[in-house]
file upload_36.tsv (TSV, C-alpha atoms)
chain	number	residue	atom	x	y	z
D	360	MET	CA	0.00	0.00	0.00
D	361	GLU	CA	2.77	2.39	0.96
D	362	ASP	CA	4.76	1.48	-2.15
D	363	GLU	CA	1.66	1.99	-4.25
D	364	GLU	CA	0.88	5.42	-2.84
D	365	ASN	CA	4.50	6.51	-3.17
D	366	GLY	CA	4.56	5.16	-6.72
D	367	LEU	CA	1.53	7.27	-7.57
D	368	ALA	CA	3.12	10.25	-5.88
D	369	SER	CA	6.32	9.79	-7.91
D	370	ARG	CA	4.30	9.67	-11.11
D	371	ALA	CA	2.35	12.75	-10.07
D	372	GLN	CA	5.60	14.51	-9.27
D	373	ALA	CA	6.77	13.77	-12.81
D	374	GLY	CA	3.67	15.55	-14.11
D	375	ASP	CA	1.15	12.68	-14.38
D	376	ARG	CA	-2.14	14.34	-13.46
D	377	GLN	CA	-4.04	11.05	-13.57
D	378	ALA	CA	-1.77	9.67	-10.87
D	379	PHE	CA	-2.49	12.72	-8.73
D	380	ALA	CA	-6.22	12.28	-9.33
D	381	GLN	CA	-5.92	8.71	-8.04
D	382	LEU	CA	-4.19	9.97	-4.91
D	383	VAL	CA	-6.98	12.50	-4.37
D	384	ARG	CA	-9.63	9.79	-4.68
D	385	ARG	CA	-7.72	7.51	-2.36
D	386	PHE	CA	-7.21	10.05	0.42
D	387	GLN	CA	-10.02	12.60	0.09
D	388	ASP	CA	-12.33	11.03	2.69
D	389	ARG	CA	-9.54	10.32	5.16
D	390	VAL	CA	-8.22	13.87	4.93
D	391	PHE	CA	-11.75	15.26	5.14
D	392	GLY	CA	-12.57	13.13	8.20
D	393	PHE	CA	-9.39	14.21	9.95
D	394	ILE	CA	-9.98	17.90	9.28
D	395	LEU	CA	-13.66	17.68	10.20
D	396	ARG	CA	-12.89	16.12	13.57
D	397	MET	CA	-10.21	18.72	14.14
D	398	ASN	CA	-12.30	21.81	13.42
D	399	ASN	CA	-15.89	20.55	13.76
D	400	SER	CA	-17.17	22.50	10.76
D	401	ARG	CA	-18.28	20.57	7.69
D	402	ASP	CA	-18.18	23.50	5.26
D	403	GLU	CA	-14.77	24.59	6.42
D	404	ALA	CA	-13.51	21.01	6.32
D	405	MET	CA	-14.64	20.70	2.70
D	406	ASP	CA	-12.76	23.86	1.75
D	407	LEU	CA	-9.70	22.84	3.71
D	408	THR	CA	-9.64	19.39	2.13
D	409	GLN	CA	-9.62	20.97	-1.30
D	410	GLU	CA	-6.91	23.42	-0.26
D	411	THR	CA	-4.86	20.58	1.19
D	412	PHE	CA	-4.76	18.79	-2.17
D	413	MET	CA	-4.06	21.99	-4.06
D	414	LYS	CA	-1.18	22.76	-1.71
D	415	ALA	CA	0.06	19.20	-2.01
D	416	TYR	CA	0.09	19.47	-5.78
D	417	GLN	CA	1.94	22.78	-5.66
D	418	ALA	CA	4.44	21.33	-3.20
D	419	LEU	CA	4.94	18.01	-5.00
D	420	PRO	CA	8.39	19.04	-6.29
D	421	THR	CA	9.55	19.21	-2.67
D	422	TRP	CA	8.22	15.74	-1.74
D	423	ARG	CA	10.94	13.10	-1.41
D	424	PRO	CA	10.15	9.42	-1.97
D	425	ASP	CA	11.82	8.43	1.33
D	426	ALA	CA	8.86	10.11	3.09
D	427	ARG	CA	5.54	8.33	3.06
D	428	PHE	CA	3.14	10.32	0.89
D	429	SER	CA	0.19	9.98	3.30
D	430	THR	CA	2.29	11.25	6.21
D	431	TRP	CA	3.36	14.23	4.15
D	432	LEU	CA	-0.24	14.85	3.06
D	433	PHE	CA	-1.56	14.76	6.62
D	434	GLN	CA	1.16	17.17	7.63
D	435	ILE	CA	-0.19	19.63	5.05
D	436	ALA	CA	-3.78	19.02	6.16
D	437	ARG	CA	-2.88	19.47	9.80
D	438	ASN	CA	-0.97	22.71	9.21
D	439	ALA	CA	-3.79	24.14	7.08
D	440	THR	CA	-6.31	23.26	9.79
D	441	LEU	CA	-4.20	24.76	12.58
D	442	ASP	CA	-3.86	27.97	10.56
D	443	ILE	CA	-7.63	28.26	10.40
D	444	LEU	CA	-8.08	27.38	14.06
D	445	ARG	CA	-5.50	29.98	15.03
D	446	ARG	CA	-7.34	32.57	12.99
D	447	ARG	CA	-10.50	31.58	14.81
D	448	GLN	CA	-8.43	31.59	18.00
D	449	LEU	CA	-9.75	28.19	18.90
D	450	VAL	CA	-6.43	26.49	19.51
D	451	GLU	CA	-5.79	25.98	23.18
D	452	PHE	CA	-2.03	26.21	23.47
D	453	VAL	CA	-2.17	25.49	27.18
D	454	PRO	CA	-3.63	22.00	27.24
D	455	LEU	CA	-4.80	19.93	30.17
D	456	ASP	CA	-1.29	18.64	30.73
D	457	ALA	CA	0.20	22.14	31.14
D	458	GLY	CA	1.03	21.52	34.76
D	459	GLN	CA	2.61	18.17	34.08
D	460	PRO	CA	5.61	17.69	31.78
D	461	GLU	CA	5.06	15.17	29.02
D	462	GLY	CA	7.60	12.70	30.37
D	463	GLU	CA	6.01	12.41	33.80
D	464	ALA	CA	3.83	9.53	34.92
D	465	LEU	CA	0.10	9.84	34.36
D	466	ASP	CA	-2.67	9.20	36.77
D	467	PRO	CA	-4.70	6.38	35.31
D	468	PRO	CA	-8.43	6.87	34.91
D	469	ASP	CA	-10.60	5.99	37.85
D	470	ASP	CA	-10.76	2.22	38.23
D	471	ALA	CA	-14.24	2.26	39.74
D	472	PRO	CA	-16.97	0.24	38.03
D	473	LEU	CA	-17.42	1.75	34.59
D	474	PRO	CA	-20.54	3.85	34.14
D	475	GLU	CA	-20.27	3.49	30.38
D	476	GLU	CA	-20.92	-0.24	30.43
D	477	HIS	CA	-24.69	0.23	30.17
D	478	LEU	CA	-24.42	2.39	27.05
D	479	SER	CA	-25.57	1.29	23.63
D	480	GLY	CA	-23.17	1.36	20.71
D	481	ARG	CA	-24.73	4.52	19.33
D	482	GLN	CA	-24.48	6.26	22.70
D	483	ARG	CA	-20.85	5.25	23.04
D	484	ILE	CA	-20.08	6.76	19.65
D	485	ALA	CA	-21.87	10.00	20.52
D	486	LEU	CA	-20.06	10.28	23.84
D	487	LEU	CA	-16.72	9.55	22.25
D	488	GLU	CA	-17.27	12.25	19.62
D	489	GLN	CA	-18.27	14.68	22.37
D	490	SER	CA	-15.28	13.79	24.56
D	491	LEU	CA	-12.93	14.06	21.58
D	492	HIS	CA	-14.15	17.56	20.73
D	493	GLU	CA	-13.57	18.70	24.29
D	494	LEU	CA	-9.90	17.78	24.19
D	495	PRO	CA	-7.20	20.35	23.44
D	496	VAL	CA	-6.12	20.26	19.80
D	497	GLU	CA	-2.73	18.70	20.64
D	498	GLN	CA	-4.44	15.71	22.20
D	499	ARG	CA	-7.22	15.47	19.64
D	500	GLU	CA	-4.90	15.40	16.65
D	501	ILE	CA	-2.61	12.74	18.06
D	502	LEU	CA	-5.57	10.50	18.91
D	503	LEU	CA	-6.99	10.88	15.42
D	504	LEU	CA	-3.68	10.06	13.77
D	505	ARG	CA	-3.16	6.97	15.91
D	506	GLU	CA	-6.66	5.61	16.38
D	507	LEU	CA	-8.23	6.48	13.04
D	508	GLU	CA	-5.24	6.72	10.70
D	509	ASN	CA	-3.37	3.92	12.45
D	510	MET	CA	-0.10	5.80	12.05
D	511	SER	CA	3.07	4.49	13.67
D	512	TYR	CA	4.74	6.61	16.33
D	513	ALA	CA	7.48	7.48	13.81
D	514	ASP	CA	4.93	8.74	11.27
D	515	ILE	CA	3.05	10.69	13.94
D	516	ALA	CA	6.32	12.29	15.00
D	517	VAL	CA	6.94	13.43	11.41
D	518	THR	CA	3.37	14.66	10.93
D	519	LEU	CA	3.33	16.66	14.15
D	520	ASN	CA	7.00	17.64	13.96
D	521	ILE	CA	7.76	16.32	17.44
D	522	GLU	CA	10.14	13.74	18.92
D	523	ALA	CA	9.13	10.06	18.91
D	524	GLY	CA	9.40	10.01	22.72
D	525	THR	CA	6.95	12.89	22.92
D	526	VAL	CA	4.49	10.92	20.80
D	527	LYS	CA	4.48	8.16	23.41
D	528	SER	CA	3.82	10.46	26.35
D	529	ARG	CA	1.38	12.78	24.56
D	530	LEU	CA	-0.65	9.90	23.23
D	531	ALA	CA	-0.90	8.26	26.65
D	532	ARG	CA	-1.97	11.59	28.10
D	533	ALA	CA	-4.57	12.06	25.37
D	534	ARG	CA	-5.97	8.58	25.94
D	535	THR	CA	-6.16	9.15	29.67
D	536	ALA	CA	-7.91	12.48	29.11
D	537	VAL	CA	-10.47	11.15	26.65
D	538	LEU	CA	-11.21	8.18	28.89
D	539	ALA	CA	-11.78	10.50	31.84
D	540	LYS	CA	-14.13	12.70	29.83
D	541	PHE	CA	-15.92	9.70	28.41
D	542	GLN	CA	-16.38	8.26	31.88
D	543	HIS	CA	-17.61	11.60	33.19
D	544	HIS	CA	-20.20	12.00	30.42
D	545	ALA	CA	-21.26	8.39	30.75
D	546	GLY	CA	-21.91	9.01	34.45
D	547	GLU	CA	-23.99	12.09	33.63
D	548	ASN	CA	-25.83	10.11	31.00
D	549	ARG	CA	-26.73	7.39	33.49
D	550	HIS	CA	-28.20	9.88	35.95
D	551	ASP	CA	-30.39	11.48	33.24
F	100	MET	CA	5.49	-1.92	37.00
F	101	THR	CA	7.28	-4.82	38.68
F	102	GLU	CA	6.04	-3.80	42.15
F	103	PRO	CA	3.32	-5.88	43.77
F	104	PRO	CA	-0.08	-4.99	42.30
F	105	SER	CA	-1.37	-3.37	45.47
F	106	LYS	CA	1.56	-0.96	45.71
F	107	HIS	CA	1.72	0.65	42.28
F	108	SER	CA	-0.27	2.70	39.88
F	109	PRO	CA	-0.54	1.47	36.30
F	110	ASP	CA	1.95	3.15	33.98
F	111	MET	CA	-0.35	4.51	31.28
F	112	GLN	CA	2.53	5.42	28.98
F	113	GLN	CA	3.81	1.86	28.94
F	114	LEU	CA	0.33	0.39	28.62
F	115	SER	CA	-0.51	2.74	25.78
F	116	ALA	CA	2.70	1.92	23.92
F	117	TYR	CA	2.14	-1.78	24.63
F	118	LEU	CA	-1.29	-1.55	23.05
F	119	ASP	CA	0.26	0.05	19.96
F	120	GLY	CA	3.08	-2.48	19.69
F	121	GLU	CA	5.63	0.31	20.14
F	122	LEU	CA	7.68	-1.21	22.99
F	123	ASP	CA	10.96	-2.99	22.45
F	124	SER	CA	10.71	-6.76	22.80
F	125	SER	CA	12.33	-6.94	26.24
F	126	THR	CA	10.02	-4.31	27.78
F	127	ARG	CA	7.08	-5.89	26.03
F	128	HIS	CA	7.80	-9.31	27.51
F	129	ASN	CA	8.27	-7.90	30.99
F	130	LEU	CA	5.00	-6.01	30.78
F	131	ALA	CA	3.16	-9.05	29.41
F	132	ASP	CA	4.37	-11.07	32.40
F	133	HIS	CA	3.29	-8.31	34.74
F	134	LEU	CA	-0.17	-8.07	33.16
F	135	ASP	CA	-0.73	-11.75	33.91
F	136	THR	CA	-0.46	-11.06	37.62
F	137	CYS	CA	-1.72	-7.48	37.99
F	138	PRO	CA	-5.48	-6.97	37.67
F	139	LEU	CA	-5.09	-3.19	38.01
F	140	CYS	CA	-2.88	-2.88	34.93
F	141	ALA	CA	-4.87	-5.52	33.07
F	142	SER	CA	-8.03	-3.53	33.74
F	143	GLN	CA	-6.49	-0.29	32.43
F	144	LEU	CA	-5.20	-2.06	29.35
F	145	ALA	CA	-8.70	-3.43	28.73
F	146	ARG	CA	-10.06	0.11	28.91
F	147	LEU	CA	-7.51	1.30	26.38
F	148	GLN	CA	-8.43	-1.60	24.11
F	149	THR	CA	-12.12	-0.72	24.40
F	150	LEU	CA	-11.31	2.90	23.56
F	151	THR	CA	-9.48	1.79	20.43
F	152	ALA	CA	-12.44	-0.40	19.49
F	153	ASP	CA	-14.79	2.55	20.01
F	154	PHE	CA	-12.66	4.70	17.72
F	155	GLY	CA	-12.93	1.93	15.16
F	156	ASN	CA	-16.72	2.22	15.36
F	157	LEU	CA	-16.80	5.95	14.66
F	158	PRO	CA	-18.59	6.60	11.39
F	159	GLN	CA	-16.39	7.19	8.35
F	160	GLU	CA	-16.89	10.77	7.28
F	161	THR	CA	-17.13	11.18	3.53
F	162	LEU	CA	-16.78	14.21	1.35
F	163	GLY	CA	-19.68	13.08	-0.83
F	164	PHE	CA	-18.32	14.03	-4.24
F	165	ASP	CA	-15.33	13.36	-6.46
F	166	LEU	CA	-12.80	15.93	-5.40
F	167	ALA	CA	-10.35	14.80	-8.07
F	168	GLY	CA	-12.53	16.37	-10.78
F	169	VAL	CA	-12.66	19.67	-8.91
F	170	ILE	CA	-8.92	19.65	-8.35
F	171	GLU	CA	-8.31	18.79	-12.00
F	172	GLY	CA	-10.37	21.80	-13.07
F	173	ARG	CA	-8.50	24.11	-10.75
F	174	LEU	CA	-5.14	22.77	-11.86
F	175	ALA	CA	-6.04	23.26	-15.49
F	176	ALA	CA	-6.77	26.88	-14.73
F	177	ALA	CA	-3.59	27.37	-12.71
F	178	PRO	CA	-0.83	24.94	-13.68
F	179	ARG	CA	1.87	24.06	-11.25
F	180	PRO	CA	4.78	26.48	-11.26
F	181	PRO	CA	8.11	25.03	-12.43
F	182	GLU	CA	10.31	23.48	-9.81
F	183	LYS	CA	12.36	26.05	-8.00
F	184	LYS	CA	16.02	25.92	-8.84
F	185	ARG	CA	18.17	24.99	-5.90
F	186	PRO	CA	20.56	27.72	-4.81
F	187	ALA	CA	24.01	27.25	-6.37
F	188	ARG	CA	26.82	25.98	-4.20
F	189	TRP	CA	29.82	28.28	-3.66
F	190	TRP	CA	32.05	26.16	-5.88
F	191	GLY	CA	29.50	26.43	-8.64
F	192	LEU	CA	30.06	30.18	-8.60
F	193	LEU	CA	33.87	29.79	-8.75
F	194	PRO	CA	34.31	30.20	-12.55
F	195	VAL	CA	32.09	33.28	-12.52
F	196	SER	CA	34.02	34.75	-9.61
F	197	ILE	CA	37.37	34.08	-11.26
F	198	GLY	CA	36.13	35.62	-14.52
F	199	ALA	CA	34.82	38.67	-12.72
F	200	ALA	CA	38.05	39.12	-10.78
F	201	ALA	CA	40.13	38.73	-13.96
F	202	SER	CA	37.98	41.29	-15.80
F	203	ILE	CA	38.41	43.81	-13.00
F	204	ALA	CA	42.16	43.17	-12.85
F	205	VAL	CA	42.54	43.65	-16.60
F	206	GLY	CA	40.42	46.79	-16.51
F	207	VAL	CA	42.47	48.29	-13.67
F	208	GLY	CA	45.72	47.37	-15.43
F	209	MET	CA	44.66	48.94	-18.69
F	210	GLY	CA	43.44	52.04	-16.94
F	211	SER	CA	46.71	52.39	-15.03
F	212	ALA	CA	48.77	51.91	-18.21
F	213	LEU	CA	46.82	54.57	-20.05
F	214	LEU	CA	46.96	57.07	-17.24
F	215	GLY	CA	50.58	56.42	-16.38
F	216	GLY	CA	52.01	56.34	-19.93
F	217	ALA	CA	50.04	59.27	-21.31
F	218	ALA	CA	50.58	61.53	-18.37
F	219	ALA	CA	53.25	63.61	-20.02
F	220	MET	CA	51.56	64.03	-23.38
F	221	PRO	CA	48.33	65.63	-22.24
F	222	ARG	CA	50.28	67.83	-19.94
F	223	VAL	CA	52.32	69.23	-22.88
F	224	THR	CA	49.18	69.65	-24.87
F	225	ALA	CA	47.45	71.27	-22.00
F	226	MET	CA	50.34	73.54	-21.29
F	227	SER	CA	50.46	74.56	-24.91
F	228	VAL	CA	47.00	75.95	-24.62
F	229	PHE	CA	48.15	78.39	-22.02
F	230	ASP	CA	51.52	79.10	-23.60
F	231	THR	CA	51.99	82.57	-24.94
F	232	LEU	CA	53.05	81.09	-28.31
F	233	PRO	CA	50.78	78.52	-29.98
F	234	PRO	CA	52.49	75.25	-31.02
F	235	GLY	CA	54.51	75.91	-34.19
F	236	GLY	CA	53.79	79.64	-33.99
F	237	LEU	CA	56.57	82.16	-34.15
F	238	CYS	CA	54.77	84.88	-32.32
F	239	LEU	CA	51.34	85.86	-31.02
F	240	GLY	CA	50.87	88.65	-33.52
F	241	PRO	CA	52.75	91.18	-35.55
F	242	ASP	CA	53.04	93.52	-32.61
F	243	SER	CA	54.57	91.03	-30.33
F	244	CYS	CA	56.94	89.88	-33.08
F	245	TYR	CA	58.14	93.31	-33.47
F	246	SER	CA	58.42	93.96	-29.81
F	247	ASN	CA	60.35	90.68	-29.30
F	248	GLY	CA	62.56	91.58	-32.17
F	249	ALA	CA	63.01	95.05	-30.80
F	250	ARG	CA	64.05	93.65	-27.47
F	251	LYS	CA	66.61	91.42	-29.13
call {"tool": "encode", "arguments": {"input": "upload_36.tsv", "output": "structure tokens"}}
result
Amino acid sequence: MEDEENGLASRAQAGDRQAFAQLVRRFQDRVFGFILRMNNSRDEAMDLTQETFMKAYQALPTWRPDARFSTWLFQIARNATLDILRRRQLVEFVPLDAGQPEGEALDPPDDAPLPEEHLSGRQRIALLEQSLHELPVEQREILLLRELENMSYADIAVTLNIEAGTVKSRLARARTAVLAKFQHHAGENRHD
Amino acid sequence: MTEPPSKHSPDMQQLSAYLDGELDSSTRHNLADHLDTCPLCASQLARLQTLTADFGNLPQETLGFDLAGVIEGRLAAAPRPPEKKRPARWWGLLPVSIGAAASIAVGVGMGSALLGGAAAMPRVTAMSVFDTLPPGGLCLGPDSCYSNGARK
């Protein structure tokens, strides 16, 4: 799969527009889904997805085949989204973990009986979406890249321009945070 | 992580990396052994696994139209600019630098030769302008000829 996408990218880089069109078709929904869950606006996500591919095409001469095309593409999508969020001043640059350096141990979520166990599948999905949107951007993006895009820590490090060790700690922190929020909302849901 | 289960808190970083298969084999084996005997850590790992499963159940968002056609139209209207040339290395500029330096040196040399060698000639010419007798002239005018002759 990786060889195939990089092969298409190499052809597109050489000027093959059909190859680029195939890349767009292959990644358009994944890029759109990522952006949508980052900024929570469908119209803006549609525009940003289009801009991401336009920017990718313009920047193709700078792409090197030793980098995975999808990683490079998500880097462009992520930067474009952060630009918009900054303009909207919606990026929280002081996340939940501000008081705790990324290397430090995390408090695990409460180990009490889980209030979410009674939830239906649809309710679980709704609560997860809600919990995800309440996370700071730094935690939300890393969860999306790992859990939905199934990226390796090395690819996440490249996409987010951070150290591989930071990926490990930030991801654990993000998982702990989303679990805590999920558990909290599930508890509220049960009392309703 | 190797402490008795009742005396430690689960290490979420290690559990999270374990879930992702991002631990080295030695750490992974140690943690696997520990999970067999520690219900606290096993419980937290199960929660992380459930979270991952929940993410897998999130609906796939779709754009709903073929973006490739839209992109193709936009690209046709505004083709990609040519690849930027990489800045030249210093040794690539060496022949140009040498040529430029040689040109300046030759120019300075020629200028010096002209100024130095011709210094006397213009001076004579210039002086002749202010001389009382023009070059080749015997006298300034009949009066002065006579007066000079009278003096002699």
call {"tool": "interface_residues", "arguments": {"input": "upload_36.tsv", "of": "chain D", "to": "chain F", "cutoff": "8 Å", "atoms": "all atoms listed in the file", "output": "PyMOL selection string"}}
result
chain D and resi 376+380-381+383-384+387-389+391-392+405+409+412-413+416-417+420+464-468+470+483-484+487+506-507+512+527-528+530-532+534-535+538
call {"tool": "atom_distance", "arguments": {"input": "upload_36.tsv", "atom1": "atom CA of D:Phe428", "atom2": "atom CA of D:Glu363"}}
result
9.9 Å
call {"tool": "atom_distance", "arguments": {"input": "upload_36.tsv", "atom1": "atom CA of D:Ala533", "atom2": "atom CA of D:Leu502"}}
result
6.7 Å
call {"tool": "atom_distance", "arguments": {"input": "upload_36.tsv", "atom1": "atom CA of D:Ala523", "atom2": "atom CA of D:Lys540"}}
result
25.8 Å
call {"tool": "closest_residue", "arguments": {"input": "upload_36.tsv", "among": "D:Thr411, D:Asp425, D:Phe393, D:Leu478", "to": "D:Arg505", "atoms": "all atoms listed in the file"}}
result
D:Phe393
call {"tool": "closest_residue", "arguments": {"input": "upload_36.tsv", "among": "D:Ala539, D:Ala436, D:Ala545, D:Asp442", "to": "D:Ala485", "atoms": "all atoms listed in the file"}}
result
D:Ala545
call {"tool": "residues_around", "arguments": {"input": "upload_36.tsv", "residues": "D:His492", "least_positions_apart": "2", "cutoff": "9 Å", "atoms": "all atoms listed in the file", "output": "ChimeraX atom specification"}}
result
/D:396-399,487-490,494-496,499
call {"tool": "write_last_selection", "arguments": {"input": "upload_36.tsv", "atoms": "C-alpha atoms", "output": "tab-separated table (two decimals), in the frame of the given file"}}
result
chain	number	residue	atom	x	y	z
D	396	ARG	CA	-12.89	16.12	13.57
D	397	MET	CA	-10.21	18.72	14.14
D	398	ASN	CA	-12.30	21.81	13.42
D	399	ASN	CA	-15.89	20.55	13.76
D	487	LEU	CA	-16.72	9.55	22.25
D	488	GLU	CA	-17.27	12.25	19.62
D	489	GLN	CA	-18.27	14.68	22.37
D	490	SER	CA	-15.28	13.79	24.56
D	494	LEU	CA	-9.90	17.78	24.19
D	495	PRO	CA	-7.20	20.35	23.44
D	496	VAL	CA	-6.12	20.26	19.80
D	499	ARG	CA	-7.22	15.47	19.64
call {"tool": "closest_residue", "arguments": {"input": "upload_36.tsv", "among": "D:Ile443, D:Leu395, D:Ala415, D:Leu503", "to": "D:Gln372", "atoms": "only C-alpha atoms"}}
result
D:Ala415
call {"tool": "residues_around", "arguments": {"input": "upload_36.tsv", "residues": "D:Arg423", "least_positions_apart": "5", "cutoff": "12 Å", "atoms": "all atoms listed in the file", "output": "ChimeraX atom specification"}}
result
/D:365-366,368-369,372,418,428,430-431
call {"tool": "build_atoms", "arguments": {"input": "upload_36.tsv", "residues": "stretch 532-550 of chain D", "atoms": "N, CA and C atoms", "output": "PDB file, in the frame of the given file"}}
result
ATOM      1  N   ARG D 532      -1.239  10.521  27.406  1.00  0.00           N
ATOM      2  CA  ARG D 532      -1.970  11.590  28.100  1.00  0.00           C
ATOM      3  C   ARG D 532      -3.324  11.840  27.417  1.00  0.00           C
ATOM      4  N   ALA D 533      -3.328  11.827  26.121  1.00  0.00           N
ATOM      5  CA  ALA D 533      -4.570  12.060  25.370  1.00  0.00           C
ATOM      6  C   ALA D 533      -5.563  10.930  25.634  1.00  0.00           C
ATOM      7  N   ARG D 534      -5.069   9.717  25.675  1.00  0.00           N
ATOM      8  CA  ARG D 534      -5.970   8.580  25.940  1.00  0.00           C
ATOM      9  C   ARG D 534      -6.543   8.667  27.356  1.00  0.00           C
ATOM     10  N   THR D 535      -5.690   9.017  28.289  1.00  0.00           N
ATOM     11  CA  THR D 535      -6.160   9.150  29.670  1.00  0.00           C
ATOM     12  C   THR D 535      -7.222  10.242  29.761  1.00  0.00           C
ATOM     13  N   ALA D 536      -6.978  11.347  29.060  1.00  0.00           N
ATOM     14  CA  ALA D 536      -7.910  12.480  29.110  1.00  0.00           C
ATOM     15  C   ALA D 536      -9.248  12.125  28.470  1.00  0.00           C
ATOM     16  N   VAL D 537      -9.200  11.453  27.324  1.00  0.00           N
ATOM     17  CA  VAL D 537     -10.470  11.150  26.650  1.00  0.00           C
ATOM     18  C   VAL D 537     -11.242  10.081  27.430  1.00  0.00           C
ATOM     19  N   LEU D 538     -10.524   9.182  28.061  1.00  0.00           N
ATOM     20  CA  LEU D 538     -11.210   8.180  28.890  1.00  0.00           C
ATOM     21  C   LEU D 538     -11.895   8.842  30.082  1.00  0.00           C
ATOM     22  N   ALA D 539     -11.202   9.804  30.685  1.00  0.00           N
ATOM     23  CA  ALA D 539     -11.780  10.500  31.840  1.00  0.00           C
ATOM     24  C   ALA D 539     -13.029  11.272  31.433  1.00  0.00           C
ATOM     25  N   LYS D 540     -12.962  11.943  30.290  1.00  0.00           N
ATOM     26  CA  LYS D 540     -14.130  12.700  29.830  1.00  0.00           C
ATOM     27  C   LYS D 540     -15.270  11.754  29.467  1.00  0.00           C
ATOM     28  N   PHE D 541     -14.913  10.685  28.817  1.00  0.00           N
ATOM     29  CA  PHE D 541     -15.920   9.700  28.410  1.00  0.00           C
ATOM     30  C   PHE D 541     -16.630   9.154  29.654  1.00  0.00           C
ATOM     31  N   GLN D 542     -15.830   8.812  30.642  1.00  0.00           N
ATOM     32  CA  GLN D 542     -16.380   8.260  31.880  1.00  0.00           C
ATOM     33  C   GLN D 542     -17.280   9.282  32.567  1.00  0.00           C
ATOM     34  N   HIS D 543     -16.831  10.524  32.563  1.00  0.00           N
ATOM     35  CA  HIS D 543     -17.610  11.600  33.190  1.00  0.00           C
ATOM     36  C   HIS D 543     -18.968  11.754  32.499  1.00  0.00           C
ATOM     37  N   HIS D 544     -18.939  11.822  31.157  1.00  0.00           N
ATOM     38  CA  HIS D 544     -20.200  12.000  30.420  1.00  0.00           C
ATOM     39  C   HIS D 544     -21.088  10.775  30.535  1.00  0.00           C
ATOM     40  N   ALA D 545     -20.465   9.616  30.602  1.00  0.00           N
ATOM     41  CA  ALA D 545     -21.260   8.390  30.750  1.00  0.00           C
ATOM     42  C   ALA D 545     -21.977   8.388  32.094  1.00  0.00           C
ATOM     43  N   GLY D 546     -21.295   8.907  33.123  1.00  0.00           N
ATOM     44  CA  GLY D 546     -21.910   9.010  34.450  1.00  0.00           C
ATOM     45  C   GLY D 546     -23.085   9.959  34.421  1.00  0.00           C
ATOM     46  N   GLU D 547     -22.896  11.111  33.755  1.00  0.00           N
ATOM     47  CA  GLU D 547     -23.990  12.090  33.630  1.00  0.00           C
ATOM     48  C   GLU D 547     -25.164  11.461  32.889  1.00  0.00           C
ATOM     49  N   ASN D 548     -24.818  10.721  31.854  1.00  0.00           N
ATOM     50  CA  ASN D 548     -25.830  10.110  31.000  1.00  0.00           C
ATOM     51  C   ASN D 548     -26.686   9.126  31.798  1.00  0.00           C
ATOM     52  N   ARG D 549     -26.013   8.409  32.716  1.00  0.00           N
ATOM     53  CA  ARG D 549     -26.730   7.390  33.490  1.00  0.00           C
ATOM     54  C   ARG D 549     -27.711   8.031  34.460  1.00  0.00           C
ATOM     55  N   HIS D 550     -27.324   9.236  34.977  1.00  0.00           N
ATOM     56  CA  HIS D 550     -28.200   9.880  35.950  1.00  0.00           C
ATOM     57  C   HIS D 550     -29.375  10.583  35.277  1.00  0.00           C
TER      58      HIS D 550
END
